[in-house]
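Down below is the structure, laid out as structure tokens.
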Amino acid sequence: MSFPAGSVSGWRLRALIINPGLLVLDEPTSALDVTIQKQVLELLQRLQYERGLSYLLITHDVDVIRAMAHDVMVMKDGEVVESGTVLEVLDAPQHPYTRILVAQT
């Protein structure tokens, strides 16, 4: 079965074949419309549950972080400025940069 390299189905197939324990996801939904973004996030959550996957999620999208992450690390200019659970960091941000990111959602 063949899928275009950029398609969600092709990505899913490759992820299932190599059966990794950790996937690095760099802005996995940044160029997608809301409907496709939801489908991708649901797929990622299902794969996490079914395959026991862990994700290193790199994104500026706070809504995606809330939907996918347990712990979060906020970086600015290559430096960690804040880290903790999603609730700790996003619901009560301490660093000014984190406050800006959260306010933009």
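As shown in the structure tokens, the chain order sets the letters A, B, ...; within each chain, residues go from 1, and ligands are also counted from 1 in the order they appear.
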Selection: 12 Å around A:Ile100, only C-alpha atoms, excl. self and same-chain fewer than 4 positions, as an mmCIF file with N, CA and C atoms, in the first residue's frame:
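Dumped everything to out09.cif:
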data_model
loop_
_atom_site.group_PDB
_atom_site.id
_atom_site.type_symbol
_atom_site.label_atom_id
_atom_site.label_comp_id
_atom_site.auth_asym_id
_atom_site.auth_seq_id
_atom_site.Cartn_x
_atom_site.Cartn_y
_atom_site.Cartn_z
ATOM 1 N N HIS A 60 4.358 25.585 19.401
ATOM 2 C CA HIS A 60 3.991 26.861 20.006
ATOM 3 C C HIS A 60 2.495 26.898 20.310
ATOM 4 N N VAL A 62 -0.499 26.244 22.254
ATOM 5 C CA VAL A 62 -0.846 25.905 23.632
ATOM 6 C C VAL A 62 -2.028 24.943 23.685
ATOM 7 N N VAL A 74 9.084 25.066 28.768
ATOM 8 C CA VAL A 74 9.019 26.256 27.926
ATOM 9 C C VAL A 74 10.442 26.743 27.702
ATOM 10 N N LYS A 76 12.989 29.581 25.621
ATOM 11 C CA LYS A 76 13.114 30.859 24.912
ATOM 12 C C LYS A 76 14.590 31.064 24.617
ATOM 13 N N LEU A 90 0.819 26.038 32.521
ATOM 14 C CA LEU A 90 -0.107 26.780 31.670
ATOM 15 C C LEU A 90 -1.225 27.472 32.439
ATOM 16 N N PRO A 93 1.322 30.397 34.886
ATOM 17 C CA PRO A 93 2.676 30.660 34.380
ATOM 18 C C PRO A 93 3.422 31.661 35.254
ATOM 19 N N GLN A 94 4.694 31.361 35.483
ATOM 20 C CA GLN A 94 5.525 32.223 36.323
ATOM 21 C C GLN A 94 6.422 33.148 35.491
ATOM 22 N N HIS A 95 6.879 32.658 34.356
ATOM 23 C CA HIS A 95 7.812 33.434 33.542
ATOM 24 C C HIS A 95 7.039 34.335 32.566
ATOM 25 N N PRO A 96 7.510 35.552 32.342
ATOM 26 C CA PRO A 96 6.827 36.464 31.417
ATOM 27 C C PRO A 96 6.623 35.875 30.018
ATOM 28 N N GLN A 104 -1.750 34.284 24.203
ATOM 29 C CA GLN A 104 -1.994 34.313 22.753
ATOM 30 C C GLN A 104 -3.006 33.286 22.305
ATOM 31 N N THR A 105 -3.440 32.403 23.196
ATOM 32 C CA THR A 105 -4.424 31.376 22.797
ATOM 33 C C THR A 105 -5.821 31.837 22.987
#
Contact residues around A:Val86 with only C-alpha atoms at 8 Å, ignoring same-chain residues under 6 positions, as a PDB file with N, CA and C atoms, in the first residue's frame:
ATOM      1  N   ILE A  65      -0.662  21.560  23.213  1.00  0.00           N
ATOM      2  CA  ILE A  65       0.027  21.152  24.441  1.00  0.00           C
ATOM      3  C   ILE A  65      -0.990  20.667  25.471  1.00  0.00           C
ATOM      4  N   ARG A  66      -2.057  21.419  25.659  1.00  0.00           N
ATOM      5  CA  ARG A  66      -3.092  21.016  26.619  1.00  0.00           C
ATOM      6  C   ARG A  66      -3.719  19.676  26.246  1.00  0.00           C
ATOM      7  N   ALA A  69      -0.039  16.877  26.166  1.00  0.00           N
ATOM      8  CA  ALA A  69       1.103  16.775  27.076  1.00  0.00           C
ATOM      9  C   ALA A  69       0.686  16.518  28.518  1.00  0.00           C
ATOM     10  N   HIS A  70       1.598  15.904  29.236  1.00  0.00           N
ATOM     11  CA  HIS A  70       1.467  15.725  30.679  1.00  0.00           C
ATOM     12  C   HIS A  70       2.397  16.720  31.378  1.00  0.00           C
ATOM     13  N   ASP A  71       3.597  16.819  30.858  1.00  0.00           N
ATOM     14  CA  ASP A  71       4.607  17.740  31.376  1.00  0.00           C
ATOM     15  C   ASP A  71       5.022  18.669  30.247  1.00  0.00           C
ATOM     16  N   VAL A  72       5.458  19.859  30.630  1.00  0.00           N
ATOM     17  CA  VAL A  72       5.824  20.848  29.619  1.00  0.00           C
ATOM     18  C   VAL A  72       7.098  21.567  30.046  1.00  0.00           C
TER      19      VAL A  72
END
Within 9 Å of stretch 26-40 of chain A using only C-alpha atoms, minus same-chain residues under 4 positions, as a list in words: Val8, Leu44, Gln45, Leu56, Leu57, Ile58, Thr59, His60, Asp61 and Val64 of chain A
Quick one: everything within 12 Å of A:Ala92, counting only C-alpha atoms, minus sequence neighbours fewer than 5 positions away in the same chain. Send it as a ChimeraX atom specification. /A:82-87,98-99,102-103
Suppose we keep N, CA and C atoms; can you now write the selection as a PDB file, in the first residue's frame?
ATOM      1  N   GLU A  82      10.868  27.716  32.051  1.00  0.00           N
ATOM      2  CA  GLU A  82       9.864  27.206  32.978  1.00  0.00           C
ATOM      3  C   GLU A  82       9.562  25.764  32.623  1.00  0.00           C
ATOM      4  N   SER A  83       9.286  24.952  33.652  1.00  0.00           N
ATOM      5  CA  SER A  83       8.901  23.561  33.400  1.00  0.00           C
ATOM      6  C   SER A  83       8.050  23.060  34.551  1.00  0.00           C
ATOM      7  N   GLY A  84       7.272  22.029  34.258  1.00  0.00           N
ATOM      8  CA  GLY A  84       6.403  21.419  35.261  1.00  0.00           C
ATOM      9  C   GLY A  84       5.271  20.689  34.566  1.00  0.00           C
ATOM     10  N   THR A  85       4.234  20.363  35.316  1.00  0.00           N
ATOM     11  CA  THR A  85       3.074  19.733  34.693  1.00  0.00           C
ATOM     12  C   THR A  85       2.359  20.771  33.840  1.00  0.00           C
ATOM     13  N   VAL A  86       1.540  20.294  32.921  1.00  0.00           N
ATOM     14  CA  VAL A  86       0.791  21.215  32.058  1.00  0.00           C
ATOM     15  C   VAL A  86      -0.050  22.164  32.906  1.00  0.00           C
ATOM     16  N   LEU A  87      -0.713  21.628  33.911  1.00  0.00           N
ATOM     17  CA  LEU A  87      -1.549  22.480  34.760  1.00  0.00           C
ATOM     18  C   LEU A  87      -0.723  23.517  35.507  1.00  0.00           C
ATOM     19  N   THR A  98       6.253  32.706  29.180  1.00  0.00           N
ATOM     20  CA  THR A  98       5.173  31.719  29.262  1.00  0.00           C
ATOM     21  C   THR A  98       3.832  32.429  29.318  1.00  0.00           C
ATOM     22  N   ARG A  99       3.768  33.499  30.056  1.00  0.00           N
ATOM     23  CA  ARG A  99       2.517  34.267  30.138  1.00  0.00           C
ATOM     24  C   ARG A  99       2.093  34.783  28.763  1.00  0.00           C
ATOM     25  N   VAL A 102       0.739  31.797  26.667  1.00  0.00           N
ATOM     26  CA  VAL A 102      -0.586  31.388  27.140  1.00  0.00           C
ATOM     27  C   VAL A 102      -1.634  32.432  26.759  1.00  0.00           C
ATOM     28  N   ALA A 103      -1.294  33.696  26.852  1.00  0.00           N
ATOM     29  CA  ALA A 103      -2.241  34.762  26.539  1.00  0.00           C
ATOM     30  C   ALA A 103      -2.598  34.801  25.052  1.00  0.00           C
TER      31      ALA A 103
END
Can you check which residues of chain A DSSP gives as strand (DSSP E) on the backbone and send them as a list in words?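 Output for chain A, strand (DSSP E) only: Leu22, Leu23, Val24, Leu25, Asp26, Ser54, Tyr55, Leu56, Leu57, Ile58, Asp71, Val72, Met73, Val74, Met75, Lys76, Glu79, Val80, Val81, Glu82, Ser83, Gly84 and Thr85 of chain A.
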Using N, CA and C atoms, can you write the selected residues to a file as an mmCIF file, in the first residue's frame?
data_model
loop_
_atom_site.group_PDB
_atom_site.id
_atom_site.type_symbol
_atom_site.label_atom_id
_atom_site.label_comp_id
_atom_site.auth_asym_id
_atom_site.auth_seq_id
_atom_site.Cartn_x
_atom_site.Cartn_y
_atom_site.Cartn_z
ATOM 1 N N LEU A 22 9.452 6.143 21.287
ATOM 2 C CA LEU A 22 9.408 7.597 21.382
ATOM 3 C C LEU A 22 9.344 8.191 19.979
ATOM 4 N N LEU A 23 8.411 9.121 19.784
ATOM 5 C CA LEU A 23 8.343 9.875 18.535
ATOM 6 C C LEU A 23 8.596 11.339 18.839
ATOM 7 N N VAL A 24 9.440 11.973 18.031
ATOM 8 C CA VAL A 24 9.667 13.407 18.135
ATOM 9 C C VAL A 24 8.733 14.067 17.138
ATOM 10 N N LEU A 25 7.855 14.926 17.649
ATOM 11 C CA LEU A 25 6.855 15.588 16.822
ATOM 12 C C LEU A 25 7.133 17.080 16.826
ATOM 13 N N ASP A 26 7.651 17.586 15.730
ATOM 14 C CA ASP A 26 8.000 18.999 15.618
ATOM 15 C C ASP A 26 6.884 19.725 14.869
ATOM 16 N N SER A 54 5.552 7.284 23.692
ATOM 17 C CA SER A 54 5.833 8.569 24.326
ATOM 18 C C SER A 54 6.155 9.554 23.212
ATOM 19 N N TYR A 55 5.815 10.819 23.445
ATOM 20 C CA TYR A 55 6.072 11.858 22.459
ATOM 21 C C TYR A 55 6.931 12.955 23.056
ATOM 22 N N LEU A 56 7.855 13.435 22.257
ATOM 23 C CA LEU A 56 8.540 14.688 22.530
ATOM 24 C C LEU A 56 7.907 15.672 21.560
ATOM 25 N N LEU A 57 7.030 16.496 22.068
ATOM 26 C CA LEU A 57 6.212 17.388 21.256
ATOM 27 C C LEU A 57 6.814 18.790 21.277
ATOM 28 N N ILE A 58 7.148 19.287 20.100
ATOM 29 C CA ILE A 58 7.706 20.628 19.955
ATOM 30 C C ILE A 58 6.652 21.469 19.247
ATOM 31 N N ASP A 71 3.597 16.819 30.858
ATOM 32 C CA ASP A 71 4.607 17.740 31.376
ATOM 33 C C ASP A 71 5.022 18.669 30.247
ATOM 34 N N VAL A 72 5.458 19.859 30.630
ATOM 35 C CA VAL A 72 5.824 20.848 29.619
ATOM 36 C C VAL A 72 7.098 21.567 30.046
ATOM 37 N N MET A 73 7.884 21.918 29.041
ATOM 38 C CA MET A 73 9.091 22.701 29.252
ATOM 39 C C MET A 73 9.022 23.865 28.260
ATOM 40 N N VAL A 74 9.084 25.066 28.768
ATOM 41 C CA VAL A 74 9.019 26.256 27.926
ATOM 42 C C VAL A 74 10.442 26.743 27.702
ATOM 43 N N MET A 75 10.775 26.926 26.419
ATOM 44 C CA MET A 75 12.115 27.395 26.068
ATOM 45 C C MET A 75 12.020 28.727 25.334
ATOM 46 N N LYS A 76 12.989 29.581 25.621
ATOM 47 C CA LYS A 76 13.114 30.859 24.912
ATOM 48 C C LYS A 76 14.590 31.064 24.617
ATOM 49 N N GLU A 79 17.022 28.458 25.971
ATOM 50 C CA GLU A 79 17.109 28.281 27.418
ATOM 51 C C GLU A 79 15.747 27.873 27.978
ATOM 52 N N VAL A 80 15.748 26.945 28.920
ATOM 53 C CA VAL A 80 14.521 26.573 29.606
ATOM 54 C C VAL A 80 14.171 27.693 30.575
ATOM 55 N N VAL A 81 12.963 28.251 30.422
ATOM 56 C CA VAL A 81 12.541 29.328 31.315
ATOM 57 C C VAL A 81 11.511 28.862 32.335
ATOM 58 N N GLU A 82 10.868 27.716 32.051
ATOM 59 C CA GLU A 82 9.864 27.206 32.978
ATOM 60 C C GLU A 82 9.562 25.764 32.623
ATOM 61 N N SER A 83 9.286 24.952 33.652
ATOM 62 C CA SER A 83 8.901 23.561 33.400
ATOM 63 C C SER A 83 8.050 23.060 34.551
ATOM 64 N N GLY A 84 7.272 22.029 34.258
ATOM 65 C CA GLY A 84 6.403 21.419 35.261
ATOM 66 C C GLY A 84 5.271 20.689 34.566
ATOM 67 N N THR A 85 4.234 20.363 35.316
ATOM 68 C CA THR A 85 3.074 19.733 34.693
ATOM 69 C C THR A 85 2.359 20.771 33.840
#
Pick out each residue of chain A that DSSP on the backbone tags as helix (DSSP H, G or I); I need them as a PyMOL selection string. chain A and resi 8-18+34-51+62-68+86-91+96-103
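Relative to atom CA of A:Val89, atom CA of A:Pro20 is found at 28.3 Å.
One distance worth recording is that between atom CA of A:Glu50 and atom CA of A:Ala67, which is 17.2 Å.
Minimum distance to A:Asp77 across A:Gly21, A:Tyr97, A:Asp63, A:Asp91 (counting only C-alpha atoms) occurs at A:Tyr97.
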